[in-house]
Amino acid sequence: MKNYLASLFDEAAYKLPHLREIQISFDRPKIETHGDISSNAAMLLSKTLKKNPREIANEIIANLTIDSTKITKVEIAGPGFINFFFHPDFLAKKIEIILKEKDEFGKSKKHAGKRANVEFVSANPTGPLTVGHGRNAVCGDTLANLLEWTGYEVDREYYFNNAGRQMRVLGDSVRLRYLESLGDTIEFPEDYYQGEYIKAIAESLNNEFGDTLRNEEAEGKFKEKAEKEIFLDIEKTLQRLKIKHKSFFNENTLYEEKKIENLLKTFADKNLSYEKDGAIWLKLSELGNEQDKVIVKSTGEPTYRLPDVAYHITKFDRKFDLIVDLFGSDHNATYPDVLAALQALGYDSSKVKVLIHQFVTITQNGEIVKMSTRKANYVTLDELTDEVGADVVRYFFNMRNISTHMNFDLALAKKHSDENPVFYLQYAHARICSIVRAIENEKLAAATDHLNLLQADEELKLIRKLHQFEEEVLLAAEYFEPNRIAAYLEELAASFHKFYTFCRILGTEKNLAEARIALALATKIVLKNGLSILGVTAPDRM
RNA sequence: GCGCCCAUAGCUCAAUUGGAUAGAGCAACAGCCUUCUAAGCUGUAGGUUAGUGGUUCGAGUCCACUUGGGCGUACCA
């Protein structure tokens, strides 16, 4: 609809050149009586032309070539909106297109040929993924899906670091538990990893090696085994939510391939760094940031900033057209430094899209659960998946804008899980499948020869809703907002449930019945496609 | 103190990125199943969009300040 109108306006611009000077928007009015599409062109021009917007609107309309089989009415309303009413037959043609394109309907080639990298989860392997990581995992994967739907080839990437202090403590935690399992009396420090999984890893080392590791160092077998086991668990947890990364990028490779060393040299050569108090500093204040930051400590150890920059350079080297980083809000202070450094080195930092999602507050019986992997005070993502199922987990994290501070009442999620809106969507799909089963006995099939019979209010509203899908996918991808898809699907399902209630198929005259079947099947396709973007199943029965 | 994010119905969240009369779901109340799944539908009630000022044809949305919350603010990641 919008594309069609845009072409009409383009044509009119030959006669009204000032139409080219403004950014015309075509909106879907909230209120039905305002038409299918509304344009604000006249209001935007009223200032430059110093004329009443309604007068301008009249001029514009006079210069539009209106095909009455497509547009039935054009009117000027309110302060100067131009409202367009489309012909129902024209709108119904969408059903044919949907039935033809099936799984492909909604995909676009807008970014065909481009490559995107989406980095998400990226939790260091110190323990199981928590509900907190769940939001990052689900949103990251859904964003990657969305980009794929707009034509990108997407690499899902997981960045981790098995070198730092955290991992040393992890290895030593395992070592102590191992000694304990051998019968030694140990003192387990309070700031070590308290989780039961540490004991399990120690136990399996005991089974495998007996007491031969008594003098092994923490950073040897202990850390190695812990990292391996924990990563296996993380991957399994993600897999349950249908998340699979293409690559796991280890920070270590940046050292092994001398990327850190080279970067330091480049910073020095370009006069972007300096030495002070035995440390190396990056001149971030010259790059527009608040203050200079240390990139190599006086101990000779780099801070996280340095490998972060080096890591992002590898993303540029790997020729991605779009680089997406999804972090929790605890990282919000770090990325401006990385972006500034990249820009100073000549990389186009506008290719990097940093997304920050807010934290999930978990409440259990009215009390806030403070998550800490170290203190083993957390609810794991696996536990949540066990409790409510993968579809609910995925839908729950997808249904809200990533910028919201989300509340998650565990007790409520478990108790009222069947009140989750995801079932509302799935139920709509299952109902259509049920129709399909029922019509087979009645010798009925979908037919698009008499779509003009679809004139009931519920039918027309549903058709209009189907029109929106392609646009919603594009917008959700463009703004990196997966929740738009969830919101759209809820509206679509609502339109369908109303249609289902008021527009029966069995017992209706054949031509109308078959047109309704076509409409139902088109709805089924769009529901399924939308759910697949969210990573949620579309069941045939419920 | 400073930086980023947030504040919308009793609760959880939307609102086409500045559009016309701010919408859903829970919860509450009143209805609808001899007919394709009632995990559904219909209706009622619920709002000074935290507050004050500003920008303009037009503000929940943009700007400034205030209040209240989250996350940061390391030679931790």
# chains A, B, ... in the order shown; residues from 1 in each chain; ligands from 1

call {"tool": "residues_around", "arguments": {"residues": "C11 in chain B", "least_positions_apart": "5", "cutoff": "12 Å", "atoms": "only C-alpha atoms (C1' of nucleotides)", "output": "list in words"}}
result
Asn407, Phe408, Asp409 and Leu412 of chain A; G25, C26 and A27 of chain B

call {"tool": "write_last_selection", "arguments": {"atoms": "C-alpha atoms (C1' of nucleotides)", "output": "short mmCIF file (atom, residue, chain, number, x, y, z; two decimals), in the first residue's frame"}}
result
data_model
loop_
_atom_site.label_atom_id
_atom_site.label_comp_id
_atom_site.auth_asym_id
_atom_site.auth_seq_id
_atom_site.Cartn_x
_atom_site.Cartn_y
_atom_site.Cartn_z
CA ASN A 407 10.43 -7.81 35.97
CA PHE A 408 10.15 -11.53 36.09
CA ASP A 409 8.10 -13.01 38.86
CA LEU A 412 3.84 -16.12 38.69
"C1'" G B 25 -2.87 -8.84 28.50
"C1'" C B 26 -3.44 -10.14 33.55
"C1'" A B 27 -6.49 -9.00 37.91
#

call {"tool": "closest_atom_pairs", "arguments": {"of": "chain A", "to": "chain B", "cutoff": "6 Å", "atoms": "only C-alpha atoms (C1' of nucleotides)", "output": "CSV"}}
result
residue,atom,partner,partner_atom,distance
A:Lys297,CA,B:C75,C1',4.3
A:Ser329,CA,B:C71,C1',5.5
A:Asp330,CA,B:C71,C1',5.3
A:Ala333,CA,B:G72,C1',5.9
A:Ile435,CA,B:C36,C1',4.8
A:Ala438,CA,B:C36,C1',5.8

call {"tool": "closest_residue", "arguments": {"among": "A:Asn215, A:Thr130, A:Asn117, A:Ser7", "to": "Ile234 in chain A", "atoms": "only C-alpha atoms"}}
result
A:Thr130

call {"tool": "atom_distance", "arguments": {"atom1": "CA of Thr72 in chain A", "atom2": "CA of Ile37 in chain A"}}
result
12.2 Å

call {"tool": "atom_distance", "arguments": {"atom1": "CA of Gly183 in chain A", "atom2": "CA of Ser204 in chain A"}}
result
15.0 Å

call {"tool": "residues_around", "arguments": {"residues": "Asp10 in chain A", "least_positions_apart": "3", "cutoff": "12 Å", "atoms": "only C-alpha atoms (C1' of nucleotides)", "output": "list in words"}}
result
Asn3, Tyr4, Leu5, Ala6, Ser7, Ala13, Tyr14, Lys15, Leu16, Pro17, His18, Leu19, Arg20, Glu21, Ile22, Gln23, Ile24, Ile60, Asn63, Leu64 and Thr65 of chain A

call {"tool": "write_last_selection", "arguments": {"atoms": "N, CA and C atoms", "output": "CSV table (one decimal), in the first residue's frame"}}
result
chain,number,residue,atom,x,y,z
A,3,ASN,N,4.1,1.6,-0.7
A,3,ASN,CA,4.9,1.7,-1.9
A,3,ASN,C,4.1,2.2,-3.1
A,4,TYR,N,2.8,1.7,-3.2
A,4,TYR,CA,2.0,2.2,-4.3
A,4,TYR,C,1.7,3.7,-4.2
A,5,LEU,N,1.4,4.1,-3.0
A,5,LEU,CA,1.2,5.6,-2.8
A,5,LEU,C,2.4,6.4,-3.0
A,6,ALA,N,3.6,5.9,-2.6
A,6,ALA,CA,4.8,6.6,-2.8
A,6,ALA,C,5.0,6.8,-4.3
A,7,SER,N,4.7,5.8,-5.1
A,7,SER,CA,4.9,6.0,-6.6
A,7,SER,C,3.9,7.0,-7.1
A,13,ALA,N,4.9,14.7,-8.3
A,13,ALA,CA,6.0,15.6,-8.0
A,13,ALA,C,6.5,16.3,-9.3
A,14,TYR,N,6.2,15.7,-10.5
A,14,TYR,CA,6.6,16.4,-11.7
A,14,TYR,C,5.8,17.7,-11.8
A,15,LYS,N,4.6,17.7,-11.3
A,15,LYS,CA,3.8,19.0,-11.4
A,15,LYS,C,4.0,19.8,-10.1
A,16,LEU,N,4.2,19.1,-9.0
A,16,LEU,CA,4.4,19.9,-7.7
A,16,LEU,C,5.8,19.6,-7.2
A,17,PRO,N,6.8,20.3,-7.7
A,17,PRO,CA,8.2,20.0,-7.4
A,17,PRO,C,8.5,20.1,-5.9
A,18,HIS,N,7.8,20.9,-5.2
A,18,HIS,CA,8.2,21.0,-3.7
A,18,HIS,C,7.9,19.7,-3.0
A,19,LEU,N,7.2,18.8,-3.6
A,19,LEU,CA,7.0,17.5,-2.9
A,19,LEU,C,8.3,16.8,-2.7
A,20,ARG,N,9.2,17.1,-3.6
A,20,ARG,CA,10.5,16.4,-3.5
A,20,ARG,C,11.4,17.0,-2.3
A,21,GLU,N,11.0,18.1,-1.8
A,21,GLU,CA,11.8,18.8,-0.8
A,21,GLU,C,11.5,18.2,0.6
A,22,ILE,N,10.5,17.5,0.8
A,22,ILE,CA,10.1,17.0,2.1
A,22,ILE,C,10.2,15.5,2.2
A,23,GLN,N,10.3,15.1,3.4
A,23,GLN,CA,10.3,13.6,3.7
A,23,GLN,C,8.9,13.2,4.1
A,24,ILE,N,8.2,12.8,3.0
A,24,ILE,CA,6.8,12.5,3.2
A,24,ILE,C,6.6,11.1,4.0
A,60,ILE,N,-2.5,18.8,-3.9
A,60,ILE,CA,-1.8,17.5,-4.0
A,60,ILE,C,-2.8,16.5,-4.6
A,63,ASN,N,-3.5,16.5,-8.2
A,63,ASN,CA,-2.4,16.0,-9.1
A,63,ASN,C,-2.1,14.5,-8.9
A,64,LEU,N,-2.8,13.8,-8.1
A,64,LEU,CA,-2.6,12.4,-8.0
A,64,LEU,C,-3.5,11.7,-9.0
A,65,THR,N,-3.0,10.7,-9.7
A,65,THR,CA,-3.8,9.9,-10.6
A,65,THR,C,-4.4,8.7,-9.8

call {"tool": "residues_around", "arguments": {"residues": "range 286-291 of chain A", "least_positions_apart": "4", "cutoff": "8 Å", "atoms": "only C-alpha atoms (C1' of nucleotides)", "output": "PyMOL selection string"}}
result
chain A and resi 336-337+340-341+344

call {"tool": "write_last_selection", "arguments": {"atoms": "C-alpha atoms", "output": "tab-separated table (two decimals), in the first residue's frame"}}
result
chain	number	residue	atom	x	y	z
A	336	PRO	CA	32.32	4.34	23.80
A	337	ASP	CA	36.03	3.79	24.37
A	340	ALA	CA	36.38	5.98	19.71
A	341	ALA	CA	39.55	3.92	19.37
A	344	ALA	CA	40.75	6.97	15.47

call {"tool": "select_by_dssp", "arguments": {"residues": "range 228-432 of chain A", "states": "strand (DSSP E)", "output": "ChimeraX atom specification"}}
result
/A:247-250,273-276,279-282,293-296,322-328,352-357,360-364,367-369,406-409

call {"tool": "residues_around", "arguments": {"residues": "range 440-449 of chain A", "least_positions_apart": "4", "cutoff": "6 Å", "atoms": "only C-alpha atoms (C1' of nucleotides)", "output": "list in words"}}
result
Glu514, Ala515, Ile517 and Ala518 of chain A

call {"tool": "residues_around", "arguments": {"residues": "Lys236 in chain A", "least_positions_apart": "6", "cutoff": "12 Å", "atoms": "only C-alpha atoms (C1' of nucleotides)", "output": "ChimeraX atom specification"}}
result
/A:128-129,229-230,242-245,381-382,385

call {"tool": "select_by_dssp", "arguments": {"residues": "range 352-462 of chain A", "states": "alpha helix (DSSP H)", "output": "ChimeraX atom specification"}}
result
/A:381-388,390-398,410-415,421-440,457-462

call {"tool": "residues_around", "arguments": {"residues": "Lys2 in chain A", "least_positions_apart": "5", "cutoff": "12 Å", "atoms": "only C-alpha atoms (C1' of nucleotides)", "output": "list in words"}}
result
Ser7, Leu8, Phe9, Ile24, Ser25, Phe26, Asp27, Arg28, Asp36, Ile37, Ser38, Ser39, Phe84, Phe85, Phe86, His467, Gln468, Glu470 and Glu471 of chain A
